[in-house]
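Heads up, upload-v7.pdb below (PDB, C-alpha atoms):
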```pdb
MODEL        1
ATOM      1  CA  MET O  21      90.594  94.493  87.730
ATOM      2  CA  VAL O  22      91.411  96.420  84.583
ATOM      3  CA  SER O  23      94.411  98.046  86.276
ATOM      4  CA  HIS O  24      95.916  94.734  87.308
ATOM      5  CA  VAL O  25      95.141  92.940  84.089
ATOM      6  CA  GLY O  26      97.117  95.805  82.570
ATOM      7  CA  MET O  27      99.975  95.332  85.045
ATOM      8  CA  LEU O  28      99.876  91.580  84.435
ATOM      9  CA  SER O  29     100.167  92.102  80.712
ATOM     10  CA  TRP O  30     102.946  94.712  81.120
ATOM     11  CA  SER O  31     105.025  92.766  83.628
ATOM     12  CA  ALA O  32     104.693  89.541  81.648
ATOM     13  CA  GLU O  33     105.812  91.287  78.479
ATOM     14  CA  GLN O  34     108.741  93.004  80.228
ATOM     15  CA  THR O  35     109.940  89.748  81.791
ATOM     16  CA  ASN O  36     109.242  87.473  78.813
ATOM     17  CA  THR O  37     106.747  85.507  80.868
ATOM     18  CA  PRO O  38     104.011  83.664  78.970
ATOM     19  CA  VAL O  39     100.455  84.448  80.019
ATOM     20  CA  ASP O  40      96.939  83.989  78.700
ATOM     21  CA  LEU O  41      94.987  86.908  80.151
ATOM     22  CA  ARG O  42      91.690  85.086  79.695
ATOM     23  CA  ALA O  43      92.639  82.932  82.694
ATOM     24  CA  VAL O  44      91.899  85.890  84.978
ATOM     25  CA  THR O  45      88.169  85.503  84.478
ATOM     26  CA  ASP O  46      87.843  82.016  82.974
ATOM     27  CA  PRO O  47      88.910  79.117  85.234
ATOM     28  CA  ALA O  48      88.902  76.787  82.234
ATOM     29  CA  VAL O  49      91.787  78.669  80.595
ATOM     30  CA  ASP O  50      95.395  77.677  81.347
ATOM     31  CA  PRO O  51      97.259  80.857  82.411
ATOM     32  CA  LEU O  52     100.419  79.420  80.772
ATOM     33  CA  MET O  53     102.608  81.191  83.353
ATOM     34  CA  PRO O  54     104.929  78.968  85.437
ATOM     35  CA  GLY O  55     103.045  78.212  88.644
ATOM     36  CA  GLY O  56     100.050  80.166  87.409
ATOM     37  CA  ALA O  57      97.530  77.366  87.710
ATOM     38  CA  VAL O  58      98.367  76.564  91.333
ATOM     39  CA  LEU O  59      98.353  80.262  92.229
ATOM     40  CA  LEU O  60      94.895  80.720  90.723
ATOM     41  CA  ALA O  61      93.648  77.618  92.542
ATOM     42  CA  PHE O  62      95.087  78.946  95.812
ATOM     43  CA  THR O  63      93.508  82.375  95.247
ATOM     44  CA  ASP O  64      90.124  80.796  94.584
ATOM     45  CA  ALA O  65      90.472  78.577  97.659
ATOM     46  CA  VAL O  66      91.295  81.525  99.912
ATOM     47  CA  LEU O  67      88.469  83.669  98.583
ATOM     48  CA  THR O  68      85.876  80.916  98.856
ATOM     49  CA  GLY O  69      87.276  79.359 102.034
ATOM     50  CA  ALA O  70      87.349  75.892 100.460
ATOM     51  CA  ALA O  71      90.263  73.433 100.723
ATOM     52  CA  ILE O  72      92.892  76.064 101.510
ATOM     53  CA  PRO O  73      95.508  73.660 102.981
ATOM     54  CA  ALA O  74      95.502  71.453  99.881
ATOM     55  CA  ALA O  75      95.796  74.466  97.595
ATOM     56  CA  ALA O  76      98.646  75.861  99.727
ATOM     57  CA  ALA O  77     100.446  72.519  99.596
ATOM     58  CA  ALA O  78     100.260  72.566  95.808
ATOM     59  CA  VAL O  79     101.760  76.072  95.769
ATOM     60  CA  ILE O  80     104.621  74.938  98.011
ATOM     61  CA  ASP O  81     105.294  71.911  95.794
ATOM     62  CA  ARG O  82     105.417  74.060  92.667
ATOM     63  CA  LEU O  83     106.881  77.370  93.870
ATOM     64  CA  GLY O  84     108.510  76.825  97.256
ATOM     65  CA  GLY O  85     107.783  77.396 100.912
ATOM     66  CA  ASP O  86     107.675  81.190 100.773
ATOM     67  CA  ALA O  87     105.107  81.342  98.001
ATOM     68  CA  PRO O  88     101.844  80.842  99.975
ATOM     69  CA  ALA O  89     102.569  83.753 102.315
ATOM     70  CA  ALA O  90     103.589  85.913  99.364
ATOM     71  CA  ALA O  91     100.383  85.052  97.529
ATOM     72  CA  ALA O  92      98.367  85.564 100.715
ATOM     73  CA  GLY O  93      99.799  89.064 101.006
ATOM     74  CA  VAL O  94      98.746  89.929  97.467
ATOM     75  CA  ILE O  95      95.246  88.525  97.953
ATOM     76  CA  ALA O  96      94.903  90.401 101.241
ATOM     77  CA  ASN O  97      96.141  93.653  99.750
ATOM     78  CA  PHE O  98      93.585  93.481  96.967
ATOM     79  CA  GLN O  99      90.813  92.567  99.344
ATOM     80  CA  MET O 100      91.672  95.995 100.769
ATOM     81  CA  MET O 101      92.200  97.894  97.536
ATOM     82  CA  ASN O 102      89.067  96.509  95.868
ATOM     83  CA  ARG O 103      86.955  97.708  98.808
ATOM     84  CA  VAL O 104      88.608 101.108  98.751
ATOM     85  CA  ALA O 105      88.017 101.445  94.996
ATOM     86  CA  ASP O 106      84.407 100.272  95.189
ATOM     87  CA  GLY O 107      83.551 102.235  98.319
ATOM     88  CA  THR O 108      84.970 105.509  97.045
ATOM     89  CA  GLY O 109      83.722 105.061  93.473
ATOM     90  CA  MET O 110      87.174 105.187  91.938
ATOM     91  CA  PRO O 111      86.769 105.654  88.194
ATOM     92  CA  LEU O 112      89.047 104.094  85.621
ATOM     93  CA  GLY O 113      90.807 106.986  83.910
ATOM     94  CA  LYS O 114      90.111 107.677  80.265
ATOM     95  CA  GLY O 115      93.727 106.901  79.370
ATOM     96  CA  SER O 116      93.623 103.523  81.089
ATOM     97  CA  ARG O 117      90.301 102.718  79.471
ATOM     98  CA  LEU O 118      91.713 103.521  76.039
ATOM     99  CA  ARG O 119      94.965 101.598  76.613
ATOM    100  CA  GLN O 120      93.082  98.574  77.899
ATOM    101  CA  ALA O 121      90.135  98.744  75.496
ATOM    102  CA  GLU O 122      91.110  95.566  73.687
ATOM    103  CA  VAL O 123      91.497  93.572  76.922
ATOM    104  CA  ILE O 124      88.296  95.013  78.393
ATOM    105  CA  ALA O 125      86.417  93.853  75.306
ATOM    106  CA  ALA O 126      88.121  90.450  75.056
ATOM    107  CA  LEU O 127      87.492  89.569  78.714
ATOM    108  CA  GLY O 128      84.085  91.246  78.871
ATOM    109  CA  LEU O 129      85.184  93.386  81.815
ATOM    110  CA  ASP O 130      82.617  96.108  81.117
ATOM    111  CA  ARG O 131      80.084  93.959  82.936
ATOM    112  CA  PHE O 132      81.838  94.933  86.175
ATOM    113  CA  ASP O 133      81.719  98.691  85.487
ATOM    114  CA  HIS O 134      79.147 100.133  87.887
ATOM    115  CA  GLN O 135      80.558 103.663  87.960
ATOM    116  CA  ASP O 136      77.470 105.333  86.533
ATOM    117  CA  GLU O 137      74.819 102.926  87.820
ATOM    118  CA  ARG O 138      72.591 104.373  90.502
TER     119      ARG O 138
ATOM    120  CA  MET G  26     100.822  82.473 120.907
ATOM    121  CA  THR G  27      98.651  85.048 119.162
ATOM    122  CA  PRO G  28      97.687  84.439 115.535
ATOM    123  CA  PHE G  29      99.963  87.265 114.356
ATOM    124  CA  ALA G  30     102.894  85.465 116.040
ATOM    125  CA  HIS G  31     102.158  82.149 114.284
ATOM    126  CA  PRO G  32     105.257  80.722 112.539
ATOM    127  CA  ALA G  33     103.404  80.746 109.211
ATOM    128  CA  VAL G  34     103.240  84.553 109.309
ATOM    129  CA  PRO G  35     106.517  86.114 108.069
ATOM    130  CA  SER G  36     108.003  88.426 110.692
ATOM    131  CA  ALA G  37     107.907  91.551 108.500
ATOM    132  CA  VAL G  38     104.236  90.969 107.802
ATOM    133  CA  ALA G  39     103.495  90.199 111.449
ATOM    134  CA  GLU G  40     104.997  93.564 112.400
ATOM    135  CA  SER G  41     102.781  95.278 109.846
ATOM    136  CA  LEU G  42      99.674  93.454 111.061
ATOM    137  CA  ARG G  43     100.367  94.508 114.646
ATOM    138  CA  ALA G  44     100.765  98.107 113.485
ATOM    139  CA  THR G  45      97.431  97.838 111.704
ATOM    140  CA  TRP G  46      95.766  96.602 114.908
ATOM    141  CA  ASP G  47      97.322  99.462 116.887
ATOM    142  CA  HIS G  48      96.038 101.957 114.327
ATOM    143  CA  LEU G  49      92.571 100.370 114.385
ATOM    144  CA  ALA G  50      92.317 100.692 118.155
ATOM    145  CA  ARG G  51      93.245 104.382 118.326
ATOM    146  CA  PRO G  52      90.731 107.228 117.890
ATOM    147  CA  GLY G  53      90.485 108.216 114.253
ATOM    148  CA  ALA G  54      89.537 111.485 112.623
ATOM    149  CA  SER G  55      85.789 111.028 113.188
ATOM    150  CA  TRP G  56      85.252 107.772 115.091
ATOM    151  CA  SER G  57      86.410 106.871 118.597
ATOM    152  CA  GLY G  58      88.570 103.822 119.181
ATOM    153  CA  ALA G  59      85.547 101.894 120.449
ATOM    154  CA  GLU G  60      83.522 102.834 117.363
ATOM    155  CA  ARG G  61      86.371 101.845 115.053
ATOM    156  CA  VAL G  62      86.665  98.431 116.678
ATOM    157  CA  ALA G  63      82.867  98.049 116.494
ATOM    158  CA  ILE G  64      82.974  98.812 112.750
ATOM    159  CA  ALA G  65      85.649  96.154 112.327
ATOM    160  CA  ALA G  66      83.538  93.693 114.337
ATOM    161  CA  ALA G  67      80.518  94.351 112.100
ATOM    162  CA  ALA G  68      82.600  93.724 108.981
ATOM    163  CA  ARG G  69      84.076  90.533 110.437
ATOM    164  CA  GLU G  70      80.629  89.278 111.427
ATOM    165  CA  ALA G  71      79.256  90.027 107.931
ATOM    166  CA  ARG G  72      81.959  87.784 106.456
ATOM    167  CA  GLY G  73      80.880  84.955 108.703
ATOM    168  CA  GLY G  74      83.381  85.572 111.466
ATOM    169  CA  GLU G  75      82.892  85.981 115.164
ATOM    170  CA  THR G  76      79.979  88.023 116.454
ATOM    171  CA  GLY G  77      81.172  91.186 118.151
ATOM    172  CA  ASP G  78      79.979  94.354 119.862
ATOM    173  CA  THR G  79      78.419  96.319 117.026
ATOM    174  CA  ASP G  80      76.538  99.116 118.755
ATOM    175  CA  LEU G  81      76.752 101.490 115.810
ATOM    176  CA  PRO G  82      74.545 103.894 113.876
ATOM    177  CA  ALA G  83      72.421 101.887 111.434
ATOM    178  CA  ALA G  84      74.095 103.431 108.388
ATOM    179  CA  ALA G  85      77.543 102.555 109.702
ATOM    180  CA  ARG G  86      76.548  98.985 110.369
ATOM    181  CA  GLU G  87      74.980  98.694 106.911
ATOM    182  CA  ALA G  88      78.106 100.116 105.279
ATOM    183  CA  ALA G  89      80.434  97.836 107.240
ATOM    184  CA  GLU G  90      78.358  94.810 106.283
ATOM    185  CA  LEU G  91      78.100  95.605 102.581
ATOM    186  CA  LEU G  92      81.731  96.616 102.112
ATOM    187  CA  GLY G  93      82.880  93.720 104.253
ATOM    188  CA  ALA G  94      80.979  90.972 102.470
ATOM    189  CA  ARG G  95      79.722  92.294  99.100
ATOM    190  CA  PRO G  96      81.916  95.207  97.970
ATOM    191  CA  GLY G  97      81.060  94.718  94.300
ATOM    192  CA  SER G  98      77.459  95.672  95.033
ATOM    193  CA  ALA G  99      78.332  99.245  96.101
ATOM    194  CA  ARG G 100      76.676 101.807  93.841
ATOM    195  CA  ARG G 101      76.763 105.587  93.682
ATOM    196  CA  GLU G 102      73.208 105.980  94.983
ATOM    197  CA  TRP G 103      73.976 103.768  97.991
ATOM    198  CA  VAL G 104      77.131 105.733  98.832
ATOM    199  CA  GLU G 105      75.180 108.994  98.509
ATOM    200  CA  ARG G 106      72.562 107.700 100.938
ATOM    201  CA  ILE G 107      75.130 106.490 103.460
ATOM    202  CA  THR G 108      77.216 109.681 103.269
ATOM    203  CA  ALA G 109      74.080 111.816 103.630
ATOM    204  CA  ASP G 110      73.656 110.105 106.981
ATOM    205  CA  LEU G 111      77.253 109.694 108.184
ATOM    206  CA  GLY G 112      79.003 112.513 106.349
ATOM    207  CA  ASP G 113      81.950 112.034 103.999
ATOM    208  CA  PRO G 114      84.760 111.911 106.609
ATOM    209  CA  ARG G 115      83.104 109.229 108.726
ATOM    210  CA  PHE G 116      82.281 107.163 105.617
ATOM    211  CA  VAL G 117      85.837 107.394 104.244
ATOM    212  CA  GLU G 118      87.250 106.367 107.608
ATOM    213  CA  LEU G 119      84.811 103.450 107.699
ATOM    214  CA  VAL G 120      85.931 102.317 104.231
ATOM    215  CA  ALA G 121      89.501 102.328 105.510
ATOM    216  CA  ILE G 122      88.666 100.327 108.642
ATOM    217  CA  VAL G 123      86.590  97.700 106.841
ATOM    218  CA  SER G 124      89.001  97.259 103.955
ATOM    219  CA  ARG G 125      91.974  96.634 106.254
ATOM    220  CA  LEU G 126      90.017  94.356 108.576
ATOM    221  CA  VAL G 127      89.098  92.171 105.623
ATOM    222  CA  ALA G 128      92.674  92.242 104.363
ATOM    223  CA  VAL G 129      94.115  91.155 107.702
ATOM    224  CA  ASP G 130      91.520  88.433 108.201
ATOM    225  CA  THR G 131      92.037  87.161 104.653
ATOM    226  CA  PHE G 132      95.790  86.975 105.158
ATOM    227  CA  VAL G 133      95.572  84.733 108.207
ATOM    228  CA  GLU G 134      92.752  82.666 106.675
ATOM    229  CA  ALA G 135      95.044  81.981 103.688
ATOM    230  CA  LEU G 136      97.659  80.557 106.047
ATOM    231  CA  SER G 137      95.044  78.523 107.949
ATOM    232  CA  VAL G 138      95.647  80.621 111.052
ATOM    233  CA  GLU G 139      92.858  81.757 113.394
ATOM    234  CA  HIS G 140      91.642  85.350 113.322
ATOM    235  CA  GLU G 141      93.488  87.669 115.658
ATOM    236  CA  PRO G 142      91.090  88.893 118.364
ATOM    237  CA  LEU G 143      90.110  92.498 117.740
ATOM    238  CA  PRO G 144      92.115  94.961 119.825
ATOM    239  CA  GLY G 145      90.796  96.672 122.894
ATOM    240  CA  PRO G 146      89.963 100.267 121.957
ATOM    241  CA  ALA G 147      92.205 103.087 123.144
ATOM    242  CA  ASP G 148      90.649 105.970 125.027
ATOM    243  CA  GLY G 149      90.395 109.461 123.602
ATOM    244  CA  ASP G 150      88.329 111.649 121.366
ATOM    245  CA  PRO G 151      88.420 111.631 117.568
ATOM    246  CA  THR G 152      91.178 113.858 116.258
ATOM    247  CA  GLY G 153      89.068 115.782 113.735
ATOM    248  CA  GLU G 154      91.985 115.670 111.286
ATOM    249  CA  ILE G 155      90.416 116.205 107.867
ATOM    250  CA  ASP G 156      92.104 117.563 104.735
ATOM    251  CA  HIS G 157      89.867 120.456 103.767
ATOM    252  CA  ARG G 158      91.507 120.703 100.348
ATOM    253  CA  ALA G 159      89.602 117.567  99.296
ATOM    254  CA  ARG G 160      87.003 118.136  96.591
ATOM    255  CA  ARG G 161      84.349 115.935  95.061
ATOM    256  CA  GLY G 162      85.336 115.073  91.483
ATOM    257  CA  ALA G 163      84.931 111.996  89.339
ATOM    258  CA  ALA G 164      84.884 109.663  92.361
ATOM    259  CA  TRP G 165      82.005 109.385  94.851
ATOM    260  CA  VAL G 166      83.820 110.961  97.809
ATOM    261  CA  PRO G 167      86.041 114.051  98.037
ATOM    262  CA  MET G 168      89.768 113.566  97.409
ATOM    263  CA  VAL G 169      92.824 115.794  97.345
ATOM    264  CA  GLY G 170      94.172 116.407  93.848
ATOM    265  CA  GLY G 171      91.470 114.604  91.902
ATOM    266  CA  ALA G 172      90.380 110.986  91.673
ATOM    267  CA  SER G 173      93.377 108.699  92.092
ATOM    268  CA  ILE G 174      93.648 105.344  93.831
ATOM    269  CA  THR G 175      96.679 106.551  95.799
ATOM    270  CA  GLN G 176      94.618 109.520  97.034
ATOM    271  CA  SER G 177      91.390 107.596  97.541
ATOM    272  CA  LEU G 178      91.275 108.138 101.322
ATOM    273  CA  SER G 179      93.006 111.532 101.291
ATOM    274  CA  LEU G 180      90.027 113.287 102.889
ATOM    275  CA  VAL G 181      91.253 111.539 106.052
ATOM    276  CA  PRO G 182      95.069 111.834 105.870
ATOM    277  CA  SER G 183      95.806 109.321 108.638
ATOM    278  CA  GLU G 184      93.867 106.635 106.753
ATOM    279  CA  ASN G 185      95.471 107.408 103.412
ATOM    280  CA  ALA G 186      98.890 107.122 105.049
ATOM    281  CA  GLU G 187      97.939 103.833 106.680
ATOM    282  CA  LEU G 188      96.757 102.430 103.354
ATOM    283  CA  GLU G 189     100.133 103.209 101.787
ATOM    284  CA  ARG G 190     102.027 101.779 104.776
ATOM    285  CA  PHE G 191     100.027  98.524 104.686
ATOM    286  CA  HIS G 192     100.412  98.193 100.895
ATOM    287  CA  GLY G 193     104.220  97.823 101.081
ATOM    288  CA  PRO G 194     104.781  94.648 103.094
ATOM    289  CA  MET G 195     101.679  92.894 101.777
ATOM    290  CA  TYR G 196     102.255  93.551  98.063
ATOM    291  CA  MET G 197     104.876  96.183  97.241
ATOM    292  CA  THR G 198     105.390  99.884  97.860
ATOM    293  CA  PHE G 199     104.001 102.403  95.391
ATOM    294  CA  ALA G 200     107.587 103.063  94.227
ATOM    295  CA  GLU G 201     108.346  99.347  93.786
ATOM    296  CA  MET G 202     105.332  99.051  91.483
ATOM    297  CA  GLU G 203     107.452 100.683  88.774
ATOM    298  CA  ASP G 204     109.579  97.512  88.580
ATOM    299  CA  PRO G 205     108.141  94.780  86.305
ATOM    300  CA  GLY G 206     110.794  92.367  87.585
ATOM    301  CA  PHE G 207     110.004  92.830  91.287
ATOM    302  CA  ARG G 208     110.225  89.591  93.259
ATOM    303  CA  ARG G 209     109.239  88.775  96.839
ATOM    304  CA  GLY G 210     108.312  85.137  97.232
ATOM    305  CA  LEU G 211     106.652  85.386  93.815
ATOM    306  CA  HIS G 212     107.742  86.961  90.545
ATOM    307  CA  ARG G 213     105.920  90.159  89.551
ATOM    308  CA  PRO G 214     103.729  88.593  86.823
ATOM    309  CA  GLN G 215     102.701  85.881  89.290
ATOM    310  CA  MET G 216     101.753  88.583  91.807
ATOM    311  CA  GLU G 217      99.689  90.396  89.198
ATOM    312  CA  LEU G 218      97.922  87.192  88.200
ATOM    313  CA  VAL G 219      96.843  86.753  91.833
ATOM    314  CA  ALA G 220      95.871  90.443  92.123
ATOM    315  CA  ALA G 221      93.788  90.333  88.963
ATOM    316  CA  ARG G 222      92.015  87.126  90.003
ATOM    317  CA  THR G 223      91.213  88.615  93.417
ATOM    318  CA  SER G 224      89.742  91.678  91.724
ATOM    319  CA  ALA G 225      87.695  89.455  89.420
ATOM    320  CA  PHE G 226      86.301  87.552  92.415
ATOM    321  CA  ASN G 227      85.349  90.867  94.019
ATOM    322  CA  GLU G 228      83.898  92.138  90.722
ATOM    323  CA  CYS G 229      86.016  95.271  91.063
ATOM    324  CA  PHE G 230      86.213  96.947  87.653
ATOM    325  CA  TYR G 231      88.930  99.433  88.616
TER     326      TYR G 231
ENDMDL
END
```
How would this structure read if it were set down as structure tokens?
Amino acid sequence: MVSHVGMLSWSAEQTNTPVDLRAVTDPAVDPLMPGGAVLLAFTDAVLTGAAIPAAAAAVIDRLGGDAPAAAAGVIANFQMMNRVADGTGMPLGKGSRLRQAEVIAALGLDRFDHQDER
Amino acid sequence: MTPFAHPAVPSAVAESLRATWDHLARPGASWSGAERVAIAAAAREARGGETGDTDLPAAAREAAELLGARPGSARREWVERITADLGDPRFVELVAIVSRLVAVDTFVEALSVEHEPLPGPADGDPTGEIDHRARRGAAWVPMVGGASITQSLSLVPSENAELERFHGPMYMTFAEMEDPGFRRGLHRPQMELVAARTSAFNECFY
């Protein structure tokens, strides 16, 4: 998560796209990004298996007909990468931890760090 | 029409999904084709999917179930116990199989398409292809060149290559990740918002 919160922050800054990073972990926060709210709702629907067609329809209305498949690809890819990272015990590098320290603290991401738990 | 051929599945992605199924069915480095398909069936069943033929060693079944349904609950001690039983190469190959099975199933679920039936296993013995340069470092399994997400499955080169191949059409290639303005159906920040939320759901710190 830290890696992609970092990439979210970087890509938003580079493309002058507004974003509130707190939306990643807090459903009550507006992500501010164009189409962000419907994408988060679609992601949640896919991952919980609840009301996927309605969430996909909202994505199409807001972002166009290609957007659900594009979002599905990203969700699927990170279903894979998250399992690879967690299964192999991939540590967050010291550099990444330092660069993202402020975001890790603000979003309380340390609660997901199980690297040294036994 | 098979689920991968459904009109909702873009053709480039459908081609990638079929390649993934072909790879799944073939003998791997340490597991036969039948064992690989059984691992995938155990992971699918753990996520609430169809019940399949899961005649596997108990540790393999346990690993497929946990990584399939509750990946955020993996801990170092658990991995050490499973690898003590299976060995590192078989565990790494299992991680690869389960992670891609879940990815493929999630993709079609997102488009309200049925799961593709698991492939019939190909005959043949495991290849034994292991990269003996891999060393145990900061991660929980040996890797080539130190702990890095792009090298995470490098103990089993065929699986590391398949991870990179799958990554491209579903998200973007490793090279394309350098571009903050990348766009394919979604703009890069929108893609990263979805990626980050998925990782939050899975409680994946990395």
Q.
Can you measure CA of Gly145 (chain G) to CA of Glu189 (chain G) for me? One decimal in Å is fine.
A. 24.0 Å
Please produce, as a Markdown table, a per-residue contact table for chain G versus chain O (criterion: any atom at most 6 Å away, all atoms listed in the file considered), showing the nearest atom pair and its distance in Å to one decimal, sorted by chain then residue number.
```
| residue | atom | partner | partner_atom | distance |
| --- | --- | --- | --- | --- |
| G:Pro96 | CA | O:Arg103 | CA | 5.7 |
| G:Arg100 | CA | O:Arg138 | CA | 5.9 |
| G:Arg101 | CA | O:Arg138 | CA | 5.4 |
| G:Glu102 | CA | O:Arg138 | CA | 4.8 |
| G:Ser124 | CA | O:Met100 | CA | 4.3 |
| G:Arg125 | CA | O:Met100 | CA | 5.5 |
| G:Ala128 | CA | O:Ala96 | CA | 4.3 |
| G:Thr131 | CA | O:Ala96 | CA | 5.5 |
| G:Phe132 | CA | O:Ala96 | CA | 5.3 |
| G:Ala135 | CA | O:Val66 | CA | 5.3 |
| G:Ala164 | CA | O:Gly109 | CA | 4.9 |
| G:Trp165 | CA | O:Gly109 | CA | 4.9 |
| G:Val166 | CA | O:Thr108 | CA | 5.6 |
| G:Met195 | CA | O:Gly93 | CA | 4.3 |
| G:Tyr196 | CA | O:Val94 | CA | 5.1 |
| G:Pro205 | CA | O:Ser31 | CA | 4.6 |
| G:Gly210 | CA | O:Ala87 | CA | 5.0 |
| G:Pro214 | CA | O:Ala32 | CA | 5.3 |
| G:Glu217 | CA | O:Leu28 | CA | 4.9 |
| G:Ala221 | CA | O:His24 | CA | 5.2 |
| G:Arg222 | CA | O:Val44 | CA | 5.2 |
| G:Ser224 | CA | O:Met21 | CA | 5.0 |
| G:Glu228 | CA | O:Phe132 | CA | 5.7 |
| G:Cys229 | CA | O:Met21 | CA | 5.7 |
| G:Phe230 | CA | O:Met21 | CA | 5.0 |
| G:Tyr231 | CA | O:Met21 | CA | 5.3 |
```
Emit the selected residues as a short mmCIF file (atom, residue, chain, number, x, y, z; two decimals), in the coordinates of the input, including C-alpha atoms.
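Everything below was put into result-v2.cif:
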```
data_model
loop_
_atom_site.label_atom_id
_atom_site.label_comp_id
_atom_site.auth_asym_id
_atom_site.auth_seq_id
_atom_site.Cartn_x
_atom_site.Cartn_y
_atom_site.Cartn_z
CA PRO G 96 81.92 95.21 97.97
CA ARG G 100 76.68 101.81 93.84
CA ARG G 101 76.76 105.59 93.68
CA GLU G 102 73.21 105.98 94.98
CA SER G 124 89.00 97.26 103.96
CA ARG G 125 91.97 96.63 106.25
CA ALA G 128 92.67 92.24 104.36
CA THR G 131 92.04 87.16 104.65
CA PHE G 132 95.79 86.98 105.16
CA ALA G 135 95.04 81.98 103.69
CA ALA G 164 84.88 109.66 92.36
CA TRP G 165 82.00 109.38 94.85
CA VAL G 166 83.82 110.96 97.81
CA MET G 195 101.68 92.89 101.78
CA TYR G 196 102.26 93.55 98.06
CA PRO G 205 108.14 94.78 86.30
CA GLY G 210 108.31 85.14 97.23
CA PRO G 214 103.73 88.59 86.82
CA GLU G 217 99.69 90.40 89.20
CA ALA G 221 93.79 90.33 88.96
CA ARG G 222 92.02 87.13 90.00
CA SER G 224 89.74 91.68 91.72
CA GLU G 228 83.90 92.14 90.72
CA CYS G 229 86.02 95.27 91.06
CA PHE G 230 86.21 96.95 87.65
CA TYR G 231 88.93 99.43 88.62
#
```
Q | Output check: residues returned by the PyMOL selection byres ((chain G and resi 156) around 10), as a list in words | A | Pro114, Gly153, Glu154, Ile155, His157, Arg158, Ala159, Arg160, Pro167, Met168, Val169, Ser179, Leu180, Val181, Pro182 and Ser183 of chain G
Q.
as a PyMOL selection string, please: the residues near Gly58 (chain G) (cut-off 6 Å, only C-alpha atoms, same-chain neighbours under 5 positions excluded).
A. chain G and resi 50-52+146-147
**Q.** Distance in Å - CA of Leu126 (chain G) versus CA of Leu81 (chain G)
**A.** 16.7 Å
Q: Could you check how far CA of Ser177 (chain G) sits from CA of Val123 (chain G), in Å to one decimal?
A: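 Atom-to-atom, CA of Ser177 (chain G) and CA of Val123 (chain G) are spaced 14.4 Å apart.
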Q: Using all atoms listed in the file, pick whichever of G:Pro151, G:Glu60, G:Pro142, G:Thr76 has the shortest atom-to-atom distance to Met26 (chain G).
A: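 Residue with the minimum atom-to-atom distance to Met26 (chain G): G:Pro142.
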Would you kindly translate the PyMOL selection byres ((chain G and resi 69) around 10) into the concrete residues it picks from this file, as a PDB file with C-alpha atoms, in the frame of the given file?
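Here's the written file expr39.pdb:
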```
ATOM      1  CA  ALA G  63      82.867  98.049 116.494  1.00  0.00           C
ATOM      2  CA  ILE G  64      82.974  98.812 112.750  1.00  0.00           C
ATOM      3  CA  ALA G  65      85.649  96.154 112.327  1.00  0.00           C
ATOM      4  CA  ALA G  66      83.538  93.693 114.337  1.00  0.00           C
ATOM      5  CA  ALA G  67      80.518  94.351 112.100  1.00  0.00           C
ATOM      6  CA  ALA G  68      82.600  93.724 108.981  1.00  0.00           C
ATOM      7  CA  GLU G  70      80.629  89.278 111.427  1.00  0.00           C
ATOM      8  CA  ALA G  71      79.256  90.027 107.931  1.00  0.00           C
ATOM      9  CA  ARG G  72      81.959  87.784 106.456  1.00  0.00           C
ATOM     10  CA  GLY G  73      80.880  84.955 108.703  1.00  0.00           C
ATOM     11  CA  GLY G  74      83.381  85.572 111.466  1.00  0.00           C
ATOM     12  CA  GLU G  75      82.892  85.981 115.164  1.00  0.00           C
ATOM     13  CA  THR G  76      79.979  88.023 116.454  1.00  0.00           C
ATOM     14  CA  GLY G  77      81.172  91.186 118.151  1.00  0.00           C
ATOM     15  CA  ALA G  89      80.434  97.836 107.240  1.00  0.00           C
ATOM     16  CA  GLU G  90      78.358  94.810 106.283  1.00  0.00           C
ATOM     17  CA  GLY G  93      82.880  93.720 104.253  1.00  0.00           C
ATOM     18  CA  ALA G  94      80.979  90.972 102.470  1.00  0.00           C
ATOM     19  CA  VAL G 123      86.590  97.700 106.841  1.00  0.00           C
ATOM     20  CA  LEU G 126      90.017  94.356 108.576  1.00  0.00           C
ATOM     21  CA  VAL G 127      89.098  92.171 105.623  1.00  0.00           C
ATOM     22  CA  ASP G 130      91.520  88.433 108.201  1.00  0.00           C
ATOM     23  CA  HIS G 140      91.642  85.350 113.322  1.00  0.00           C
ATOM     24  CA  LEU G 143      90.110  92.498 117.740  1.00  0.00           C
TER      25      LEU G 143
END
```
Q.
Calculated over all atoms listed in the file, which of the candidates G:Ala109, G:Val129, G:Ala54, G:Ala88 has the smallest distance to Phe191 (chain G)?
A.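 Under the stated criterion, the closest residue is G:Val129.
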Pull C-alpha atoms for region 80-97 of chain O from the block and write them as an mmCIF file, in the first residue's frame.
```cif
data_model
loop_
_atom_site.group_PDB
_atom_site.id
_atom_site.type_symbol
_atom_site.label_atom_id
_atom_site.label_comp_id
_atom_site.auth_asym_id
_atom_site.auth_seq_id
_atom_site.Cartn_x
_atom_site.Cartn_y
_atom_site.Cartn_z
ATOM 1 C CA ILE O 80 -19.196 4.091 -17.310
ATOM 2 C CA ASP O 81 -21.417 7.142 -16.774
ATOM 3 C CA ARG O 82 -18.545 9.141 -15.300
ATOM 4 C CA LEU O 83 -15.472 7.872 -17.170
ATOM 5 C CA GLY O 84 -16.615 6.028 -20.285
ATOM 6 C CA GLY O 85 -17.116 2.494 -21.503
ATOM 7 C CA ASP O 86 -13.473 1.429 -21.337
ATOM 8 C CA ALA O 87 -13.005 2.432 -17.721
ATOM 9 C CA PRO O 88 -14.479 -0.619 -15.900
ATOM 10 C CA ALA O 89 -12.189 -3.064 -17.706
ATOM 11 C CA ALA O 90 -9.217 -0.781 -17.095
ATOM 12 C CA ALA O 91 -10.052 -0.558 -13.402
ATOM 13 C CA ALA O 92 -10.682 -4.307 -13.270
ATOM 14 C CA GLY O 93 -7.199 -4.896 -14.651
ATOM 15 C CA VAL O 94 -5.625 -2.743 -11.955
ATOM 16 C CA ILE O 95 -7.616 -4.413 -9.180
ATOM 17 C CA ALA O 96 -6.719 -7.847 -10.542
ATOM 18 C CA ASN O 97 -3.046 -6.987 -10.857
#
```
